[in-house]
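Enquirer: PDB, C-alpha atoms, saved as target.pdb, coming up:
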ATOM      1  CA  GLY A  18     283.054 213.517 106.853
ATOM      2  CA  GLN A  19     286.828 213.549 107.211
ATOM      3  CA  TYR A  20     287.632 216.122 104.539
ATOM      4  CA  GLY A  21     284.497 218.260 104.396
ATOM      5  CA  GLY A  22     285.296 221.935 104.953
ATOM      6  CA  THR A  23     289.027 221.556 104.247
ATOM      7  CA  HIS A  24     290.851 222.877 101.197
ATOM      8  CA  LEU A  25     291.456 219.268 100.111
ATOM      9  CA  GLY A  26     287.747 218.543 100.394
ATOM     10  CA  ARG A  27     286.869 221.635  98.378
ATOM     11  CA  GLN A  28     289.111 220.364  95.583
ATOM     12  CA  GLU A  29     288.326 216.641  95.647
ATOM     13  CA  LEU A  30     284.686 216.681  96.789
ATOM     14  CA  ASP A  31     283.377 219.990  95.431
ATOM     15  CA  GLY A  32     285.511 220.184  92.279
ATOM     16  CA  GLU A  33     286.932 223.638  93.064
ATOM     17  CA  VAL A  34     290.378 224.769  91.986
ATOM     18  CA  VAL A  35     291.921 225.889  95.276
ATOM     19  CA  GLU A  36     295.504 227.085  95.081
ATOM     20  CA  ASP A  37     297.802 229.091  97.310
ATOM     21  CA  ARG A  38     299.443 232.187  95.920
ATOM     22  CA  ALA A  39     303.198 231.680  95.839
ATOM     23  CA  ASP A  40     303.880 234.939  97.681
ATOM     24  CA  GLY A  41     300.726 234.813  99.817
ATOM     25  CA  LEU A  42     300.964 235.927 103.430
ATOM     26  CA  TRP A  43     298.800 233.006 104.570
ATOM     27  CA  LYS A  44     298.729 229.314 103.597
ATOM     28  CA  ARG A  45     295.606 227.137 103.660
ATOM     29  CA  GLU A  46     297.143 224.241 105.530
ATOM     30  CA  LYS A  47     298.186 226.561 108.343
ATOM     31  CA  LEU A  48     294.767 228.227 108.481
ATOM     32  CA  GLU A  49     293.160 224.835 108.979
ATOM     33  CA  GLU A  50     295.402 224.326 112.010
ATOM     34  CA  TYR A  51     293.969 227.492 113.577
ATOM     35  CA  GLN A  52     290.405 226.136 113.737
ATOM     36  CA  ALA A  53     289.049 225.550 117.224
ATOM     37  CA  ASP A  54     285.848 225.658 119.233
ATOM     38  CA  ARG A  55     284.984 229.147 120.379
ATOM     39  CA  PRO A  56     285.408 229.764 124.123
ATOM     40  CA  GLN A  57     282.279 230.713 126.049
ATOM     41  CA  ASN A  58     283.700 233.930 127.471
ATOM     42  CA  LEU A  59     285.479 236.635 125.502
ATOM     43  CA  ASN A  60     286.800 239.834 127.053
ATOM     44  CA  ARG A  61     286.098 241.971 123.993
ATOM     45  CA  ILE A  62     284.282 241.599 120.680
ATOM     46  CA  VAL A  63     284.480 244.059 117.789
ATOM     47  CA  ILE A  64     283.122 244.222 114.253
ATOM     48  CA  GLY A  65     285.576 245.224 111.510
ATOM     49  CA  LEU A  66     283.835 247.205 108.764
ATOM     50  CA  ASP A  67     285.398 248.069 105.389
ATOM     51  CA  PRO A  68     282.698 249.935 103.424
ATOM     52  CA  PRO A  69     282.888 250.369  99.632
ATOM     53  CA  ALA A  70     283.003 253.686  97.834
ATOM     54  CA  SER A  71     279.828 252.874  95.867
ATOM     55  CA  SER A  72     277.012 250.335  95.747
ATOM     56  CA  GLY A  73     276.894 249.569  92.027
ATOM     57  CA  LYS A  74     276.904 246.091  90.531
ATOM     58  CA  GLY A  75     280.644 246.211  89.894
ATOM     59  CA  SER A  76     281.590 247.902  93.157
ATOM     60  CA  ALA A  77     283.762 246.390  95.872
ATOM     61  CA  SER A  78     282.202 244.332  98.642
ATOM     62  CA  CYS A  79     281.575 245.697 102.110
ATOM     63  CA  GLY A  80     283.827 243.730 104.444
ATOM     64  CA  ILE A  81     282.080 242.828 107.733
ATOM     65  CA  VAL A  82     284.118 240.542 110.010
ATOM     66  CA  ALA A  83     283.727 239.977 113.759
ATOM     67  CA  ALA A  84     286.575 239.050 116.085
ATOM     68  CA  GLY A  85     286.989 238.609 119.832
ATOM     69  CA  LEU A  86     289.750 238.421 122.424
ATOM     70  CA  ASP A  87     289.841 235.829 125.206
ATOM     71  CA  GLU A  88     291.359 236.008 128.668
ATOM     72  CA  ASN A  89     294.601 234.457 127.423
ATOM     73  CA  GLY A  90     295.146 237.119 124.775
ATOM     74  CA  ILE A  91     294.109 234.851 121.897
ATOM     75  CA  GLY A  92     292.182 236.498 119.063
ATOM     76  CA  TRP A  93     289.133 234.700 117.671
ATOM     77  CA  VAL A  94     287.610 235.192 114.227
ATOM     78  CA  LEU A  95     283.892 234.781 114.911
ATOM     79  CA  ALA A  96     281.934 235.654 111.769
ATOM     80  CA  ASP A  97     282.182 236.909 108.194
ATOM     81  CA  ARG A  98     279.036 238.712 107.019
ATOM     82  CA  THR A  99     280.584 240.526 104.044
ATOM     83  CA  MET A 100     278.090 241.848 101.456
ATOM     84  CA  ARG A 101     278.427 242.398  97.723
ATOM     85  CA  ALA A 102     276.844 245.320  95.851
ATOM     86  CA  ALA A 103     275.158 246.625  98.998
ATOM     87  CA  THR A 104     273.806 250.111  99.621
ATOM     88  CA  PRO A 105     275.002 251.967 102.743
ATOM     89  CA  GLN A 106     271.704 251.182 104.485
ATOM     90  CA  GLN A 107     272.040 247.481 103.669
ATOM     91  CA  TRP A 108     275.598 247.029 104.919
ATOM     92  CA  ALA A 109     274.962 249.233 107.966
ATOM     93  CA  ARG A 110     271.914 247.149 108.874
ATOM     94  CA  ARG A 111     273.893 243.914 108.591
ATOM     95  CA  ALA A 112     276.814 245.266 110.648
ATOM     96  CA  VAL A 113     274.452 246.493 113.366
ATOM     97  CA  SER A 114     272.634 243.133 113.364
ATOM     98  CA  LEU A 115     275.932 241.293 113.889
ATOM     99  CA  TYR A 116     276.891 243.813 116.595
ATOM    100  CA  HIS A 117     273.770 242.923 118.580
ATOM    101  CA  GLU A 118     273.938 239.197 117.787
ATOM    102  CA  LEU A 119     277.423 238.910 119.300
ATOM    103  CA  LYS A 120     276.898 241.629 121.947
ATOM    104  CA  ALA A 121     279.952 243.403 120.532
ATOM    105  CA  ASP A 122     281.687 246.371 122.133
ATOM    106  CA  ARG A 123     282.000 248.509 119.015
ATOM    107  CA  ILE A 124     282.212 248.653 115.249
ATOM    108  CA  ILE A 125     285.646 249.537 113.871
ATOM    109  CA  ALA A 126     284.843 251.341 110.631
ATOM    110  CA  GLU A 127     287.318 252.456 107.986
ATOM    111  CA  VAL A 128     286.221 255.921 106.905
ATOM    112  CA  ASN A 129     288.651 256.684 104.060
ATOM    113  CA  GLN A 130     285.911 256.146 101.495
ATOM    114  CA  GLY A 131     282.839 257.471 103.268
ATOM    115  CA  GLY A 132     284.127 259.893 105.886
ATOM    116  CA  GLU A 133     281.467 260.997 108.368
ATOM    117  CA  MET A 134     278.812 259.246 106.276
ATOM    118  CA  VAL A 135     279.853 255.845 107.645
ATOM    119  CA  ALA A 136     279.075 256.679 111.277
ATOM    120  CA  ALA A 137     276.002 258.664 110.246
ATOM    121  CA  VAL A 138     274.384 255.818 108.325
ATOM    122  CA  ILE A 139     275.025 253.398 111.221
ATOM    123  CA  ALA A 140     273.453 255.908 113.613
ATOM    124  CA  GLN A 141     270.362 255.978 111.394
ATOM    125  CA  ILE A 142     269.970 252.237 111.954
ATOM    126  CA  ASP A 143     270.758 252.342 115.690
ATOM    127  CA  PRO A 144     272.138 255.476 117.386
ATOM    128  CA  ALA A 145     273.186 253.445 120.440
ATOM    129  CA  VAL A 146     275.808 251.435 118.525
ATOM    130  CA  ALA A 147     279.385 252.418 119.414
ATOM    131  CA  VAL A 148     281.439 253.231 116.319
ATOM    132  CA  LYS A 149     285.180 253.866 116.193
ATOM    133  CA  PRO A 150     286.281 255.445 112.891
ATOM    134  CA  VAL A 151     289.747 254.495 111.643
ATOM    135  CA  HIS A 152     291.758 255.982 108.781
ATOM    136  CA  ALA A 153     294.033 253.919 106.534
ATOM    137  CA  SER A 154     297.253 255.905 106.421
ATOM    138  CA  ARG A 155     299.292 252.911 105.190
ATOM    139  CA  GLY A 156     298.806 250.430 102.366
ATOM    140  CA  LYS A 157     296.927 247.171 102.785
ATOM    141  CA  ARG A 158     300.088 245.072 102.933
ATOM    142  CA  ALA A 159     301.618 247.269 105.641
ATOM    143  CA  ARG A 160     298.439 246.879 107.701
ATOM    144  CA  ALA A 161     298.103 243.131 107.075
ATOM    145  CA  GLU A 162     301.672 242.086 107.876
ATOM    146  CA  PRO A 163     301.460 242.720 111.676
ATOM    147  CA  VAL A 164     298.223 240.704 111.762
ATOM    148  CA  ASN A 165     299.933 237.919 109.834
ATOM    149  CA  MET A 166     302.623 237.926 112.525
ATOM    150  CA  LEU A 167     299.914 237.258 115.138
ATOM    151  CA  TYR A 168     298.984 234.126 113.196
ATOM    152  CA  GLN A 169     302.619 233.069 112.975
ATOM    153  CA  GLN A 170     302.873 233.502 116.740
ATOM    154  CA  ASN A 171     299.887 231.128 117.129
ATOM    155  CA  ARG A 172     297.796 233.870 118.737
ATOM    156  CA  VAL A 173     294.715 233.702 116.476
ATOM    157  CA  ARG A 174     292.009 231.051 116.099
ATOM    158  CA  HIS A 175     289.102 230.653 113.679
ATOM    159  CA  ALA A 176     285.823 229.618 115.333
ATOM    160  CA  GLY A 177     284.610 227.830 112.197
ATOM    161  CA  ARG A 178     285.382 227.737 108.487
ATOM    162  CA  PHE A 179     285.293 231.025 106.615
ATOM    163  CA  SER A 180     286.126 229.850 103.104
ATOM    164  CA  GLU A 181     285.722 233.143 101.243
ATOM    165  CA  LEU A 182     287.680 235.077 103.859
ATOM    166  CA  GLU A 183     290.421 232.441 103.865
ATOM    167  CA  ASP A 184     290.526 232.513 100.058
ATOM    168  CA  GLU A 185     291.333 236.232 100.219
ATOM    169  CA  MET A 186     293.923 235.701 102.946
ATOM    170  CA  CYS A 187     295.734 233.085 100.846
ATOM    171  CA  ASP A 188     295.459 235.186  97.671
ATOM    172  CA  PHE A 189     296.965 238.315  99.212
ATOM    173  CA  GLY A 190     300.685 238.503  98.438
ATOM    174  CA  VAL A 191     303.686 240.593  99.322
ATOM    175  CA  ASP A 192     305.272 240.834  95.868
ATOM    176  CA  GLY A 193     304.357 243.287  93.145
ATOM    177  CA  LEU A 194     303.000 246.800  93.283
ATOM    178  CA  SER A 195     299.331 245.995  93.845
ATOM    179  CA  ASP A 196     297.568 245.930  97.193
ATOM    180  CA  GLY A 197     294.852 243.714  95.771
ATOM    181  CA  LEU A 198     294.186 240.074  95.041
ATOM    182  CA  SER A 199     295.619 238.211  92.064
ATOM    183  CA  ASP A 200     292.529 239.011  89.964
ATOM    184  CA  GLY A 201     292.752 242.715  90.816
ATOM    185  CA  ARG A 202     289.889 242.778  93.315
ATOM    186  CA  SER A 203     290.177 244.506  96.652
ATOM    187  CA  PRO A 204     290.548 242.139  99.662
ATOM    188  CA  ASP A 205     287.532 243.579 101.496
ATOM    189  CA  ARG A 206     286.997 240.636 103.847
ATOM    190  CA  LEU A 207     290.678 240.646 104.763
ATOM    191  CA  ASP A 208     290.609 244.402 105.326
ATOM    192  CA  ALA A 209     287.740 244.035 107.790
ATOM    193  CA  LEU A 210     289.576 241.209 109.568
ATOM    194  CA  VAL A 211     292.734 243.305 109.808
ATOM    195  CA  TRP A 212     290.854 246.255 111.340
ATOM    196  CA  ALA A 213     289.185 244.010 113.924
ATOM    197  CA  LEU A 214     292.317 242.143 115.038
ATOM    198  CA  THR A 215     294.401 245.326 115.003
ATOM    199  CA  GLU A 216     291.931 246.954 117.390
ATOM    200  CA  LEU A 217     291.899 243.947 119.703
ATOM    201  CA  MET A 218     295.550 242.930 119.714
ATOM    202  CA  LEU A 219     297.804 245.616 118.294
ATOM    203  CA  ASN A 220     296.321 248.838 119.653
ATOM    204  CA  GLU A 221     296.151 249.814 123.301
ATOM    205  CA  ARG A 222     293.413 247.769 124.862
ATOM    206  CA  GLY A 223     290.352 249.523 126.156
ATOM    207  CA  ALA A 224     288.333 248.674 129.221
ATOM    208  CA  PRO A 225     287.188 245.052 129.563
ATOM    209  CA  ARG A 226     283.594 244.073 128.819
TER     210      ARG A 226
END
Just give me the structure as structure tokens.
Expert:
Amino acid sequence: GQYGGTHLGRQELDGEVVEDRADGLWKREKLEEYQADRPQNLNRIVIGLDPPASSGKGSASCGIVAAGLDENGIGWVLADRTMRAATPQQWARRAVSLYHELKADRIIAEVNQGGEMVAAVIAQIDPAVAVKPVHASRGKRARAEPVNMLYQQNRVRHAGRFSELEDEMCDFGVDGLSDGLSDGRSPDRLDALVWALTELMLNERGAPR
């Protein structure tokens, strides 16, 4: 009861090997400090979407992470619905479902891999869903570092435990030439989180809900 859901509990109760990357941007102990109960009212909610280039068995996951912004300017991580080996129709359907579940304002979709296809496949599921395409003109580390600064400034909270997302956050480092995780995988959950929080807290804010 005391340690369930913490990184210590995952190691001692579940038998997992849970380690921080030496050069990781985030640390598990700090992430646990950011957990809090979600506020009832949020000014904006967006879904970060990082679609893969393909849907094969060995393809990257489709990052789907929801985040909101409260009246005090605090960002809230609300959900992680990332999918592995999903077809465009499958990940679009899940993103649209989360959009309606949370009554989100829009889906922030990286379109480097799929171009116009990303918005088109979402429109096939629900043409009324608002989609904002974004292009990654910088590397993953350059995009993640400003979001990491928001955490350091105590401006982000997690409304629950998102173990797989937090694993990627703590396994994403600043040293070396790779923009991936220590095992070479792409940090798809983290990418989706970065797009969502960047839209809410680092870009010019749009109209309130």
Enquirer: Can you give me, as a PyMOL selection string, the residues this file yields under the PyMOL selection byres ((chain A and resi 150-166) around 10)?
Expert: chain A and resi 42-43+66-67+124-130+132-133+135-136+147-149+167-173+186+189-192+195-197+203-204+207-208+210-216+218-219
Enquirer: Here's the selection I'm unsure about, the PyMOL selection byres ((chain A and resi 174-181) around 8); applied to the file above, which residues does it give, as number ranges by chain?
Expert: A: 22, 51-55, 91-97, 171-173, 182-185
Enquirer: Just checking: using only C-alpha atoms, which residue out of A:Ser76, A:Gln141, A:Ser114, A:Asn220 ends up closest to Ile64 of chain A?
Expert: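 Comparing A:Ser76, A:Gln141, A:Ser114, A:Asn220 against Ile64 of chain A, the winner is A:Ser114.
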Enquirer: If you measure from atom CA of Ile81 of chain A to atom CA of Val138 of chain A, what distance in Å do you get, rounded to one decimal?
Expert: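 Going from atom CA of Ile81 of chain A over to atom CA of Val138 of chain A covers 15.1 Å.
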Enquirer: One decimal, in Å: what's the spacing between atom CA of Thr99 of chain A and atom CA of Lys47 of chain A?
Expert: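 Distance reported for this atom pair: 22.9 Å.
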Enquirer: Could you write out as a PDB file with C-alpha atoms, in the frame of the given file the residues that the PyMOL selection byres ((chain A and resi 109) around 10) matches in the shown file?
Expert:
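Full text of result31.pdb as output:
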ATOM      1  CA  LEU A  66     283.835 247.205 108.764  1.00  0.00           C
ATOM      2  CA  PRO A  68     282.698 249.935 103.424  1.00  0.00           C
ATOM      3  CA  CYS A  79     281.575 245.697 102.110  1.00  0.00           C
ATOM      4  CA  ILE A  81     282.080 242.828 107.733  1.00  0.00           C
ATOM      5  CA  ALA A 103     275.158 246.625  98.998  1.00  0.00           C
ATOM      6  CA  THR A 104     273.806 250.111  99.621  1.00  0.00           C
ATOM      7  CA  PRO A 105     275.002 251.967 102.743  1.00  0.00           C
ATOM      8  CA  GLN A 106     271.704 251.182 104.485  1.00  0.00           C
ATOM      9  CA  GLN A 107     272.040 247.481 103.669  1.00  0.00           C
ATOM     10  CA  TRP A 108     275.598 247.029 104.919  1.00  0.00           C
ATOM     11  CA  ARG A 110     271.914 247.149 108.874  1.00  0.00           C
ATOM     12  CA  ARG A 111     273.893 243.914 108.591  1.00  0.00           C
ATOM     13  CA  ALA A 112     276.814 245.266 110.648  1.00  0.00           C
ATOM     14  CA  VAL A 113     274.452 246.493 113.366  1.00  0.00           C
ATOM     15  CA  SER A 114     272.634 243.133 113.364  1.00  0.00           C
ATOM     16  CA  LEU A 115     275.932 241.293 113.889  1.00  0.00           C
ATOM     17  CA  VAL A 135     279.853 255.845 107.645  1.00  0.00           C
ATOM     18  CA  ALA A 136     279.075 256.679 111.277  1.00  0.00           C
ATOM     19  CA  ALA A 137     276.002 258.664 110.246  1.00  0.00           C
ATOM     20  CA  VAL A 138     274.384 255.818 108.325  1.00  0.00           C
ATOM     21  CA  ILE A 139     275.025 253.398 111.221  1.00  0.00           C
ATOM     22  CA  ALA A 140     273.453 255.908 113.613  1.00  0.00           C
ATOM     23  CA  GLN A 141     270.362 255.978 111.394  1.00  0.00           C
ATOM     24  CA  ILE A 142     269.970 252.237 111.954  1.00  0.00           C
ATOM     25  CA  ASP A 143     270.758 252.342 115.690  1.00  0.00           C
TER      26      ASP A 143
END
Enquirer: Using all atoms listed in the file, which residue out of A:Leu48, A:Ala83, A:Met134, A:Ala145 lies closest to Arg206 of chain A?
Expert: A:Ala83
